[in-house]
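Participant: Contents are mmCIF, C-alpha atoms; file name final_39.cif:
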data_start
loop_
_atom_site.label_atom_id
_atom_site.label_comp_id
_atom_site.auth_asym_id
_atom_site.auth_seq_id
_atom_site.Cartn_x
_atom_site.Cartn_y
_atom_site.Cartn_z
CA MET A 1 2.66 -14.31 -13.21
CA LYS A 2 3.16 -13.02 -9.67
CA ARG A 3 0.51 -13.67 -7.04
CA ILE A 4 -0.21 -10.91 -4.53
CA LEU A 5 -2.43 -10.31 -1.51
CA ILE A 6 -3.09 -6.61 -0.89
CA ASP A 7 -3.74 -5.36 2.66
CA CYS A 8 -4.99 -1.79 2.43
CA ASP A 9 -7.03 1.11 3.82
CA PRO A 10 -8.56 2.85 0.78
CA GLY A 11 -7.69 5.84 0.68
CA ILE A 12 -6.94 7.71 -2.51
CA ASP A 13 -3.50 6.27 -3.16
CA ASP A 14 -4.70 2.78 -2.15
CA ALA A 15 -7.33 3.12 -4.88
CA LEU A 16 -4.69 4.05 -7.44
CA ALA A 17 -2.54 1.13 -6.27
CA LEU A 18 -5.47 -1.24 -6.79
CA ALA A 19 -6.00 0.28 -10.23
CA LEU A 20 -2.37 -0.45 -11.06
CA ALA A 21 -2.83 -4.06 -9.97
CA ALA A 22 -6.07 -4.35 -11.96
CA GLY A 23 -4.35 -2.99 -15.05
CA SER A 24 -1.49 -5.47 -14.70
CA ARG A 25 -3.50 -8.69 -14.85
CA ASP A 26 -1.07 -10.10 -17.43
CA SER A 27 1.63 -9.93 -14.74
CA LEU A 28 -0.25 -10.01 -11.42
CA ASP A 29 -2.79 -12.37 -9.94
CA VAL A 30 -4.55 -10.61 -7.05
CA VAL A 31 -5.61 -13.47 -4.76
CA GLY A 32 -7.31 -11.26 -2.19
CA VAL A 33 -7.79 -7.82 -0.71
CA THR A 34 -7.92 -7.30 3.06
CA THR A 35 -8.88 -4.06 4.75
CA VAL A 36 -7.79 -2.26 7.89
CA GLY A 37 -8.86 0.94 9.61
CA GLY A 38 -6.43 3.66 8.58
CA ASN A 39 -7.04 6.60 6.29
CA VAL A 40 -10.69 6.34 7.33
CA ASP A 41 -12.61 3.97 9.60
CA LEU A 42 -12.86 0.27 8.74
CA PRO A 43 -16.48 0.33 7.44
CA LEU A 44 -15.43 2.97 4.91
CA THR A 45 -12.14 1.34 3.89
CA THR A 46 -14.05 -1.91 3.33
CA ALA A 47 -16.87 -0.21 1.41
CA ASN A 48 -14.29 1.55 -0.75
CA ALA A 49 -12.44 -1.71 -1.43
CA LEU A 50 -15.73 -3.35 -2.45
CA ALA A 51 -16.63 -0.46 -4.75
CA LEU A 52 -13.16 -0.53 -6.28
CA ARG A 53 -13.33 -4.29 -6.83
CA GLU A 54 -16.38 -3.81 -9.03
CA PHE A 55 -15.35 -0.55 -10.70
CA LEU A 56 -11.88 -1.90 -11.57
CA ASP A 57 -13.26 -5.21 -12.83
CA LEU A 58 -11.32 -7.32 -10.31
CA GLY A 59 -13.87 -10.10 -10.62
CA ASP A 60 -14.36 -12.45 -7.70
CA VAL A 61 -11.30 -11.38 -5.74
CA PRO A 62 -12.34 -11.76 -2.08
CA VAL A 63 -12.44 -8.62 0.04
CA THR A 64 -12.13 -9.44 3.74
CA PRO A 65 -12.34 -6.82 6.50
CA GLY A 66 -9.87 -6.87 9.35
CA SER A 67 -8.77 -4.72 12.27
CA ALA A 68 -10.68 -1.55 13.03
CA GLY A 69 -7.99 0.15 15.09
CA ALA A 70 -4.45 0.02 16.42
CA LEU A 71 -3.24 -2.69 18.79
CA LEU A 72 -2.71 -0.47 21.83
CA ARG A 73 -3.09 3.25 21.29
CA HIS A 74 -5.59 5.81 20.10
CA THR A 75 -6.91 5.89 16.56
CA VAL A 76 -5.17 8.07 13.97
CA ARG A 77 -7.03 8.94 10.78
CA ALA A 78 -6.23 10.97 7.65
CA THR A 79 -9.59 12.42 6.61
CA ALA A 80 -7.95 15.83 6.14
CA VAL A 81 -6.10 14.30 3.18
CA HIS A 82 -8.49 11.63 1.91
CA GLY A 83 -11.82 13.28 2.69
CA VAL A 84 -14.67 11.94 4.81
CA THR A 85 -15.30 8.99 2.46
CA GLY A 86 -11.64 8.15 1.92
CA LEU A 87 -11.71 8.62 -1.85
CA GLY A 88 -11.51 12.39 -1.98
CA ASN A 89 -13.51 13.81 -4.87
CA ALA A 90 -14.03 10.42 -6.53
CA VAL A 91 -17.57 9.02 -6.25
CA LEU A 92 -17.91 5.40 -7.37
CA PRO A 93 -21.09 3.36 -7.81
CA ALA A 94 -22.16 1.59 -4.62
CA PRO A 95 -20.97 -2.03 -4.58
CA ARG A 96 -23.52 -4.71 -5.33
CA ARG A 97 -21.68 -7.43 -3.42
CA GLY A 98 -20.57 -7.49 0.17
CA PRO A 99 -17.35 -8.62 1.82
CA SER A 100 -16.28 -12.18 2.41
CA GLU A 101 -17.07 -13.76 5.75
CA GLY A 102 -14.35 -14.04 8.35
CA HIS A 103 -11.48 -11.81 9.41
CA ALA A 104 -8.56 -10.48 7.39
CA VAL A 105 -6.01 -12.01 9.78
CA ASP A 106 -7.40 -15.50 9.22
CA PHE A 107 -7.56 -14.88 5.47
CA ILE A 108 -3.89 -13.80 5.38
CA VAL A 109 -2.73 -16.81 7.42
CA ASP A 110 -4.85 -19.34 5.55
CA THR A 111 -3.98 -17.98 2.10
CA LEU A 112 -0.23 -17.91 2.69
CA ARG A 113 -0.28 -21.34 4.35
CA ALA A 114 -2.09 -22.83 1.35
CA ALA A 115 0.61 -21.65 -1.10
CA PRO A 116 3.93 -21.37 0.73
CA GLY A 117 6.53 -19.33 -1.13
CA GLU A 118 4.12 -18.28 -3.87
CA ILE A 119 2.28 -15.15 -2.68
CA THR A 120 3.71 -11.70 -2.03
CA LEU A 121 1.99 -9.78 0.77
CA VAL A 122 1.65 -6.12 -0.18
CA ALA A 123 0.71 -3.93 2.80
CA VAL A 124 -0.13 -0.29 2.07
CA GLY A 125 -1.96 0.70 5.25
CA PRO A 126 -1.30 0.43 8.99
CA LEU A 127 0.34 -2.92 9.72
CA THR A 128 -2.20 -4.13 12.28
CA ASN A 129 -3.52 -7.07 10.25
CA VAL A 130 -0.03 -8.20 9.30
CA ALA A 131 1.21 -8.03 12.89
CA LEU A 132 -1.76 -10.05 14.13
CA ALA A 133 -1.15 -12.62 11.38
CA VAL A 134 2.44 -12.95 12.57
CA ARG A 135 1.21 -13.39 16.13
CA ARG A 136 -1.45 -15.89 15.02
CA ASP A 137 1.11 -18.05 13.22
CA PRO A 138 4.77 -16.96 12.97
CA ARG A 139 5.20 -19.26 9.99
CA VAL A 140 3.58 -16.62 7.75
CA VAL A 141 7.09 -15.14 7.63
CA GLU A 142 8.26 -18.32 5.90
CA TRP A 143 5.11 -18.82 3.82
CA ALA A 144 5.10 -15.36 2.24
CA ARG A 145 7.21 -15.06 -0.88
CA GLU A 146 8.05 -11.57 0.38
CA LEU A 147 6.52 -8.66 2.26
CA VAL A 148 6.38 -5.30 0.48
CA ILE A 149 5.12 -2.28 2.40
CA MET A 150 4.48 1.37 1.80
CA GLY A 151 5.43 3.00 5.05
CA GLY A 152 8.05 4.83 7.05
CA SER A 153 10.99 6.95 6.03
CA TYR A 154 14.65 7.34 6.89
CA THR A 155 14.60 11.13 6.48
CA ARG A 156 11.27 12.67 7.49
CA GLY A 157 7.62 12.17 8.34
CA ASN A 158 4.39 13.38 6.82
CA HIS A 159 1.80 13.11 9.60
CA ASN A 160 4.33 14.78 11.89
CA PRO A 161 8.03 15.69 11.47
CA ALA A 162 9.23 12.24 12.50
CA ALA A 163 6.63 9.69 11.42
CA GLU A 164 4.91 8.55 8.24
CA PHE A 165 1.17 7.96 8.61
CA ASN A 166 0.96 4.17 8.11
CA ILE A 167 3.58 3.54 10.79
CA LEU A 168 2.27 6.19 13.18
CA ALA A 169 -1.23 4.72 12.94
CA ASP A 170 0.02 1.56 14.70
CA PRO A 171 3.70 1.68 15.73
CA GLU A 172 3.42 -1.41 17.93
CA ALA A 173 2.14 -3.42 14.97
CA ALA A 174 4.93 -2.08 12.77
CA ALA A 175 7.51 -3.04 15.40
CA ILE A 176 6.16 -6.60 15.45
CA VAL A 177 6.33 -6.79 11.65
CA PHE A 178 9.89 -5.48 11.37
CA ASP A 179 11.05 -7.82 14.15
CA ALA A 180 9.34 -10.93 12.75
CA GLY A 181 12.34 -12.41 10.93
CA TRP A 182 11.69 -11.60 7.27
CA THR A 183 13.32 -8.89 5.17
CA VAL A 184 10.74 -6.15 4.76
CA LYS A 185 10.83 -4.46 1.37
CA GLN A 186 10.17 -0.89 2.49
CA LEU A 187 8.96 1.82 0.12
CA GLY A 188 8.94 4.92 2.30
CA LEU A 189 8.38 8.62 1.82
CA ASP A 190 11.97 9.00 0.63
CA VAL A 191 10.91 7.52 -2.73
CA THR A 192 7.11 7.71 -2.76
CA LEU A 193 7.09 11.50 -2.54
CA SER A 194 8.77 11.56 -5.95
CA ALA A 195 5.84 9.62 -7.50
CA MET A 196 3.95 12.87 -8.04
CA VAL A 197 0.98 13.50 -10.30
CA THR A 198 2.27 16.56 -12.14
CA SER A 199 0.34 18.38 -14.85
CA ASP A 200 2.10 16.26 -17.49
CA VAL A 201 1.03 13.05 -15.75
CA LEU A 202 -2.51 14.37 -15.33
CA ASP A 203 -2.68 15.21 -19.02
CA ARG A 204 -1.69 11.61 -19.83
CA MET A 205 -4.47 10.37 -17.54
CA ARG A 206 -7.29 12.54 -18.88
CA PRO A 207 -8.01 10.59 -22.11
CA LEU A 208 -8.49 7.31 -20.22
CA GLY A 209 -12.29 7.21 -20.35
CA ARG A 210 -14.35 6.25 -17.30
CA LEU A 211 -11.27 5.27 -15.35
CA ALA A 212 -9.89 8.79 -15.59
CA ALA A 213 -13.17 10.67 -15.31
CA GLU A 214 -14.57 8.79 -12.32
CA LEU A 215 -11.44 7.80 -10.39
CA LEU A 216 -7.96 8.85 -11.50
CA VAL A 217 -8.46 12.56 -12.12
CA PRO A 218 -10.86 13.42 -9.27
CA ALA A 219 -8.80 11.35 -6.82
CA ALA A 220 -5.49 12.86 -7.91
CA GLN A 221 -6.83 16.40 -7.64
CA SER A 222 -8.38 15.92 -4.21
CA TYR A 223 -5.70 16.94 -1.77
CA MET A 224 -2.98 18.96 -3.47
CA ALA A 225 -2.65 21.36 -6.38
CA VAL A 226 -1.23 19.87 -9.56
CA THR A 227 1.46 21.95 -11.27
CA ALA A 228 4.16 21.37 -13.84
CA GLU A 229 6.67 20.68 -11.07
CA SER A 230 4.68 19.10 -8.27
CA GLY A 231 1.45 17.44 -7.25
CA PRO A 232 0.01 14.73 -5.00
CA ALA A 233 2.12 11.62 -4.60
CA ILE A 234 0.51 8.23 -5.19
CA HIS A 235 2.50 6.57 -2.40
CA ASP A 236 0.82 3.17 -2.28
CA ALA A 237 1.14 2.51 -6.00
CA CYS A 238 4.89 2.35 -5.43
CA ALA A 239 4.48 -0.92 -3.52
CA VAL A 240 2.61 -2.56 -6.39
CA ALA A 241 5.12 -1.11 -8.87
CA TYR A 242 7.93 -2.69 -6.86
CA VAL A 243 6.36 -6.12 -7.24
CA LEU A 244 5.98 -5.54 -10.97
CA ASP A 245 9.51 -4.22 -11.50
CA PRO A 246 11.93 -3.98 -8.55
CA SER A 247 14.55 -2.42 -10.85
CA LEU A 248 12.58 0.85 -10.72
CA PHE A 249 13.97 1.33 -7.22
CA THR A 250 17.41 1.53 -5.68
CA CYS A 251 17.23 -0.39 -2.41
CA VAL A 252 19.76 -0.67 0.40
CA PRO A 253 19.91 -3.25 3.23
CA ALA A 254 19.28 -1.70 6.64
CA VAL A 255 18.33 -2.40 10.22
CA VAL A 256 15.02 -0.67 10.92
CA ASN A 257 13.57 -0.21 14.39
CA VAL A 258 10.21 1.41 15.08
CA GLU A 259 9.98 3.97 17.87
CA THR A 260 6.94 3.20 20.01
CA ASN A 261 7.48 5.47 23.02
CA GLY A 262 9.02 8.77 21.98
CA THR A 263 7.17 11.94 22.89
CA TYR A 264 8.09 13.55 19.58
CA THR A 265 9.28 10.54 17.59
CA ARG A 266 6.58 7.89 18.11
CA GLY A 267 6.09 6.04 14.85
CA MET A 268 9.53 6.93 13.48
CA THR A 269 11.33 4.21 11.52
CA VAL A 270 14.86 4.54 12.88
CA THR A 271 17.01 3.32 10.00
CA ASP A 272 20.64 2.23 10.25
CA PHE A 273 22.38 1.54 6.94
CA GLU A 274 25.59 0.58 8.77
CA VAL A 275 24.50 -3.01 9.17
CA GLY A 276 27.87 -4.53 10.01
CA ASP A 277 27.57 -8.10 11.23
CA ARG A 278 23.89 -7.71 12.12
CA ARG A 279 21.07 -9.17 10.04
CA ALA A 280 19.39 -6.56 7.87
CA ASN A 281 15.65 -6.76 8.57
CA ALA A 282 14.73 -4.44 5.71
CA LEU A 283 15.58 -3.55 2.14
CA VAL A 284 14.91 0.19 2.10
CA ALA A 285 14.21 2.06 -1.13
CA THR A 286 16.36 5.15 -1.52
CA SER A 287 15.55 6.30 -5.07
CA LEU A 288 12.97 5.83 -7.82
CA ASP A 289 13.29 6.05 -11.58
CA VAL A 290 10.33 8.40 -11.90
CA LYS A 291 10.03 8.32 -15.70
CA ARG A 292 10.00 4.53 -15.87
CA PHE A 293 7.61 4.41 -12.92
CA TRP A 294 5.04 6.56 -14.71
CA ASP A 295 5.50 4.68 -17.97
CA LEU A 296 4.70 1.47 -16.08
CA VAL A 297 1.74 2.92 -14.16
CA LEU A 298 0.16 4.79 -17.06
CA GLY A 299 0.62 1.80 -19.35
CA ALA A 300 -1.34 -0.31 -16.87
CA TYR A 301 -4.00 2.39 -16.55
CA GLU A 302 -4.33 2.53 -20.35
CA ARG A 303 -4.90 -1.24 -20.55
CA LEU A 304 -7.43 -1.07 -17.72
CA ALA A 305 -9.25 1.89 -19.28
CA ALA A 306 -9.61 0.00 -22.56
CA ARG A 307 -11.13 -2.92 -20.72
CA LEU A 308 -13.54 -0.79 -18.68
CA ASP A 309 -14.77 1.20 -21.69
#
Would you write out, as structure tokens, the structure that this file holds?
Facilitator:
Amino acid sequence: MKRILIDCDPGIDDALALALAAGSRDSLDVVGVTTVGGNVDLPLTTANALALREFLDLGDVPVTPGSAGALLRHTVRATAVHGVTGLGNAVLPAPRRGPSEGHAVDFIVDTLRAAPGEITLVAVGPLTNVALAVRRDPRVVEWARELVIMGGSYTRGNHNPAAEFNILADPEAAAIVFDAGWTVKQLGLDVTLSAMVTSDVLDRMRPLGRLAAELLVPAAQSYMAVTAESGPAIHDACAVAYVLDPSLFTCVPAVVNVETNGTYTRGMTVTDFEVGDRRANALVATSLDVKRFWDLVLGAYERLAARLD
């Protein structure tokens, strides 16, 4: 049983990542969910996390809100992709319970400190909360079993030609995280864009009861056409899949620096695989076994659907 703390900004693919975690309760113990402003504003990401906690039957997992915006610069949002609510075409019942008291940064620090070496921090939104946790107490780097992120790329961007959204949303925070002294397990666009919901995948989702009808299918069809060859990528689910089975990914040690000042390259993760005698600060995913990935994800969704129905 692996214990994880998920820092997120739901978000369509965040929702599908949480569904993967919820469907993997025989392998994963979700000790908490923290939220950050990202795909949409913090009140919405928190409301979505609360609604997902109840819809996905995550029980009493605490949901703790965190940072509303980036450390230094202007706010970047992705409503053009995720819709004004953050969940695209999915409409979930309003949550009956509110968030936990306190701030996500304190929750991250306190939770990792209480169980050193036991909990993997999975960050699938802007890295503001994680950076502030590192600044609050640098020992979180030692206390975390590992840090797994969805973010960045060594080849291209998605929000602009150079930068992936989660990193661009707070490059200064990302720079702090990559420079903190741990080895960041980085699942970037280079692999996550291959985790596409094609028509075959969608057909495998459709029979999954309420889970499919109310979340999976409407969310997956929100921002890109689904065809036999292509469809929307569920980026954030890759980070949870990595925790479940790292062998799905080919990963290469690298030195990653985050560009914080470039006129055209702000938010770029500048990746050097020629490490030499330097310390690699990241293990960067370069390929994904797509068939095994979908077998893992859809198997978890099937188990979750059976429980929800």
Participant: Any chance you could work out the residue set of the PyMOL selection byres ((chain A and resi 129-133) around 8) here, as a PyMOL selection string?
Facilitator: chain A and resi 7+36+66-67+104-106+108-109+123+126-128+134-138+140+173-174+176-177
Participant: Please indicate the distance in Å from atom CA of A:Gly69 to atom CA of A:Glu142, rounded to one decimal place.
Facilitator: 26.3 Å
Participant: Pick from A:Val91, A:Ala306, A:Val40, A:Met268: nearest to A:Arg156, with only C-alpha atoms counted?
Facilitator: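 Of the candidates, the smallest distance to A:Arg156 is held by A:Met268.
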Participant: Quick check on the file I pasted: which residues fall under the PyMOL selection byres ((chain A and resi 249) around 6)? Write them as an MDAnalysis selection string.
Facilitator: chainID A and resid 246:248 250 287:288
Participant: Draw an axis-aligned box tight on the listed atoms of stretch 241-260 of chain A, then pad every side by 5 Å and write out centre and edge lengths in Å to one decimal as JSON.
Facilitator:
{"center_x": 12.5, "center_y": -1.1, "center_z": 4.3, "size_x": 24.8, "size_y": 20.1, "size_z": 41.5}
Participant: Please write as a JSON list (two decimals) with C-alpha atoms, in the frame of the given file the full residue list that the PyMOL selection byres ((chain A and resi 201-212) around 9) yields on this file.
Facilitator:
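After the write, expr_22.json holds the following:
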[["chain", "number", "residue", "atom", "x", "y", "z"],
["A", 19, "ALA", "CA", -6.00, 0.28, -10.23],
["A", 55, "PHE", "CA", -15.35, -0.55, -10.70],
["A", 56, "LEU", "CA", -11.88, -1.90, -11.57],
["A", 196, "MET", "CA", 3.95, 12.87, -8.04],
["A", 197, "VAL", "CA", 0.98, 13.50, -10.30],
["A", 198, "THR", "CA", 2.27, 16.56, -12.14],
["A", 199, "SER", "CA", 0.34, 18.38, -14.85],
["A", 200, "ASP", "CA", 2.10, 16.26, -17.49],
["A", 213, "ALA", "CA", -13.17, 10.67, -15.31],
["A", 214, "GLU", "CA", -14.57, 8.79, -12.32],
["A", 215, "LEU", "CA", -11.44, 7.80, -10.39],
["A", 216, "LEU", "CA", -7.96, 8.85, -11.50],
["A", 217, "VAL", "CA", -8.46, 12.56, -12.12],
["A", 218, "PRO", "CA", -10.86, 13.42, -9.27],
["A", 220, "ALA", "CA", -5.49, 12.86, -7.91],
["A", 226, "VAL", "CA", -1.23, 19.87, -9.56],
["A", 294, "TRP", "CA", 5.04, 6.56, -14.71],
["A", 298, "LEU", "CA", 0.16, 4.79, -17.06],
["A", 301, "TYR", "CA", -4.00, 2.39, -16.55],
["A", 302, "GLU", "CA", -4.33, 2.53, -20.35],
["A", 304, "LEU", "CA", -7.43, -1.07, -17.72],
["A", 305, "ALA", "CA", -9.25, 1.89, -19.28],
["A", 306, "ALA", "CA", -9.61, 0.00, -22.56],
["A", 308, "LEU", "CA", -13.54, -0.79, -18.68],
["A", 309, "ASP", "CA", -14.77, 1.20, -21.69]]
Participant: Would you kindly identify which residues have an atom no farther than 10 Å from (3.8, 7.2, 16.2), using all atoms listed in the file and the file's own coordinates, and write them out as number ranges by chain?
Facilitator: A: 73, 76, 159-160, 162-172, 174, 258-269
Participant: Identify which of the residues A:Gly276, A:Gly231, A:Gly23, A:Gly152 lies closest to A:Val256, counting all atoms listed in the file when measuring atom-to-atom distances.
Facilitator: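 The answer is A:Gly152, which sits nearest to A:Val256.
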Participant: So the first atom is atom CA of A:Asp14 and the second is atom CA of A:Ala219; what is the distance between them in Å, to one decimal place?
Facilitator: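 Computed distance, atom CA of A:Asp14 to atom CA of A:Ala219, equals 10.6 Å.
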Participant: When you count all atoms listed in the file, which of these residues is closest to A:Thr192: A:Ala285, A:Ala225, A:Cys251, A:Leu28?
Facilitator: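 Result for the nearest residue to A:Thr192: A:Ala285.
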Participant: To one decimal place, how far is atom CA of A:Arg25 from atom CA of A:Ala94 in Å?
Facilitator: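 Those two atoms sit 23.6 Å apart.
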Participant: Ranking A:His74, A:Arg292, A:Arg307, A:Lys185 by minimum distance to A:Val243 and counting only C-alpha atoms, which one comes first?
Facilitator: A:Lys185
Participant: Which is closer to A:Pro10 than all the others in A:Pro116, A:Pro65, A:Gly98, A:Pro161, using all atoms listed in the file?
Facilitator: A:Pro65
Participant: Can you work out which one of A:Glu229, A:Asp289, A:Asp9, A:Asp60 has the shortest atom-to-atom distance to A:Arg97, counting all atoms listed in the file?
Facilitator: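 Result for the nearest residue to A:Arg97: A:Asp60.
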Participant: Just the residues within 7 Å of A:Arg145, please, counting all atoms listed in the file, with nothing from its chain fewer than 6 positions along; format it as a PyMOL selection string.
Facilitator: chain A and resi 117-120
Participant: Leaving out A:Leu283 and any residue of its chain fewer than 4 positions from it, which residues lie within 9 Å of it when counting all atoms listed in the file, given as a PyMOL selection string?
Facilitator: chain A and resi 183-187+251-255
Participant: Show which residues sit within 9 Å of A:Cys238, as a list in words. Count only C-alpha atoms, and ignore same-chain residues fewer than 6 positions away.
Facilitator: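 So, after excluding close chain neighbours, the residues are Ala17, Met150, Leu187, Val191, Thr192, Ala195 and Phe293 of chain A.
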Participant: Do you know which residues are at most 10 Å from A:Thr45 counting all atoms listed in the file, after dropping those on the same chain fewer than 3 positions away, and could you put them as a PDB file with C-alpha atoms, keeping the file's coordinate frame?
Facilitator:
ATOM      1  CA  CYS A   8      -4.990  -1.790   2.430  1.00  0.00           C
ATOM      2  CA  ASP A   9      -7.030   1.110   3.820  1.00  0.00           C
ATOM      3  CA  PRO A  10      -8.560   2.850   0.780  1.00  0.00           C
ATOM      4  CA  GLY A  11      -7.690   5.840   0.680  1.00  0.00           C
ATOM      5  CA  ASP A  14      -4.700   2.780  -2.150  1.00  0.00           C
ATOM      6  CA  THR A  34      -7.920  -7.300   3.060  1.00  0.00           C
ATOM      7  CA  THR A  35      -8.880  -4.060   4.750  1.00  0.00           C
ATOM      8  CA  VAL A  36      -7.790  -2.260   7.890  1.00  0.00           C
ATOM      9  CA  GLY A  37      -8.860   0.940   9.610  1.00  0.00           C
ATOM     10  CA  GLY A  38      -6.430   3.660   8.580  1.00  0.00           C
ATOM     11  CA  ASN A  39      -7.040   6.600   6.290  1.00  0.00           C
ATOM     12  CA  VAL A  40     -10.690   6.340   7.330  1.00  0.00           C
ATOM     13  CA  ASP A  41     -12.610   3.970   9.600  1.00  0.00           C
ATOM     14  CA  LEU A  42     -12.860   0.270   8.740  1.00  0.00           C
ATOM     15  CA  ASN A  48     -14.290   1.550  -0.750  1.00  0.00           C
ATOM     16  CA  ALA A  49     -12.440  -1.710  -1.430  1.00  0.00           C
ATOM     17  CA  LEU A  50     -15.730  -3.350  -2.450  1.00  0.00           C
ATOM     18  CA  ALA A  51     -16.630  -0.460  -4.750  1.00  0.00           C
ATOM     19  CA  PRO A  65     -12.340  -6.820   6.500  1.00  0.00           C
ATOM     20  CA  ALA A  68     -10.680  -1.550  13.030  1.00  0.00           C
ATOM     21  CA  THR A  85     -15.300   8.990   2.460  1.00  0.00           C
ATOM     22  CA  GLY A  86     -11.640   8.150   1.920  1.00  0.00           C
ATOM     23  CA  LEU A  87     -11.710   8.620  -1.850  1.00  0.00           C
TER      24      LEU A  87
END
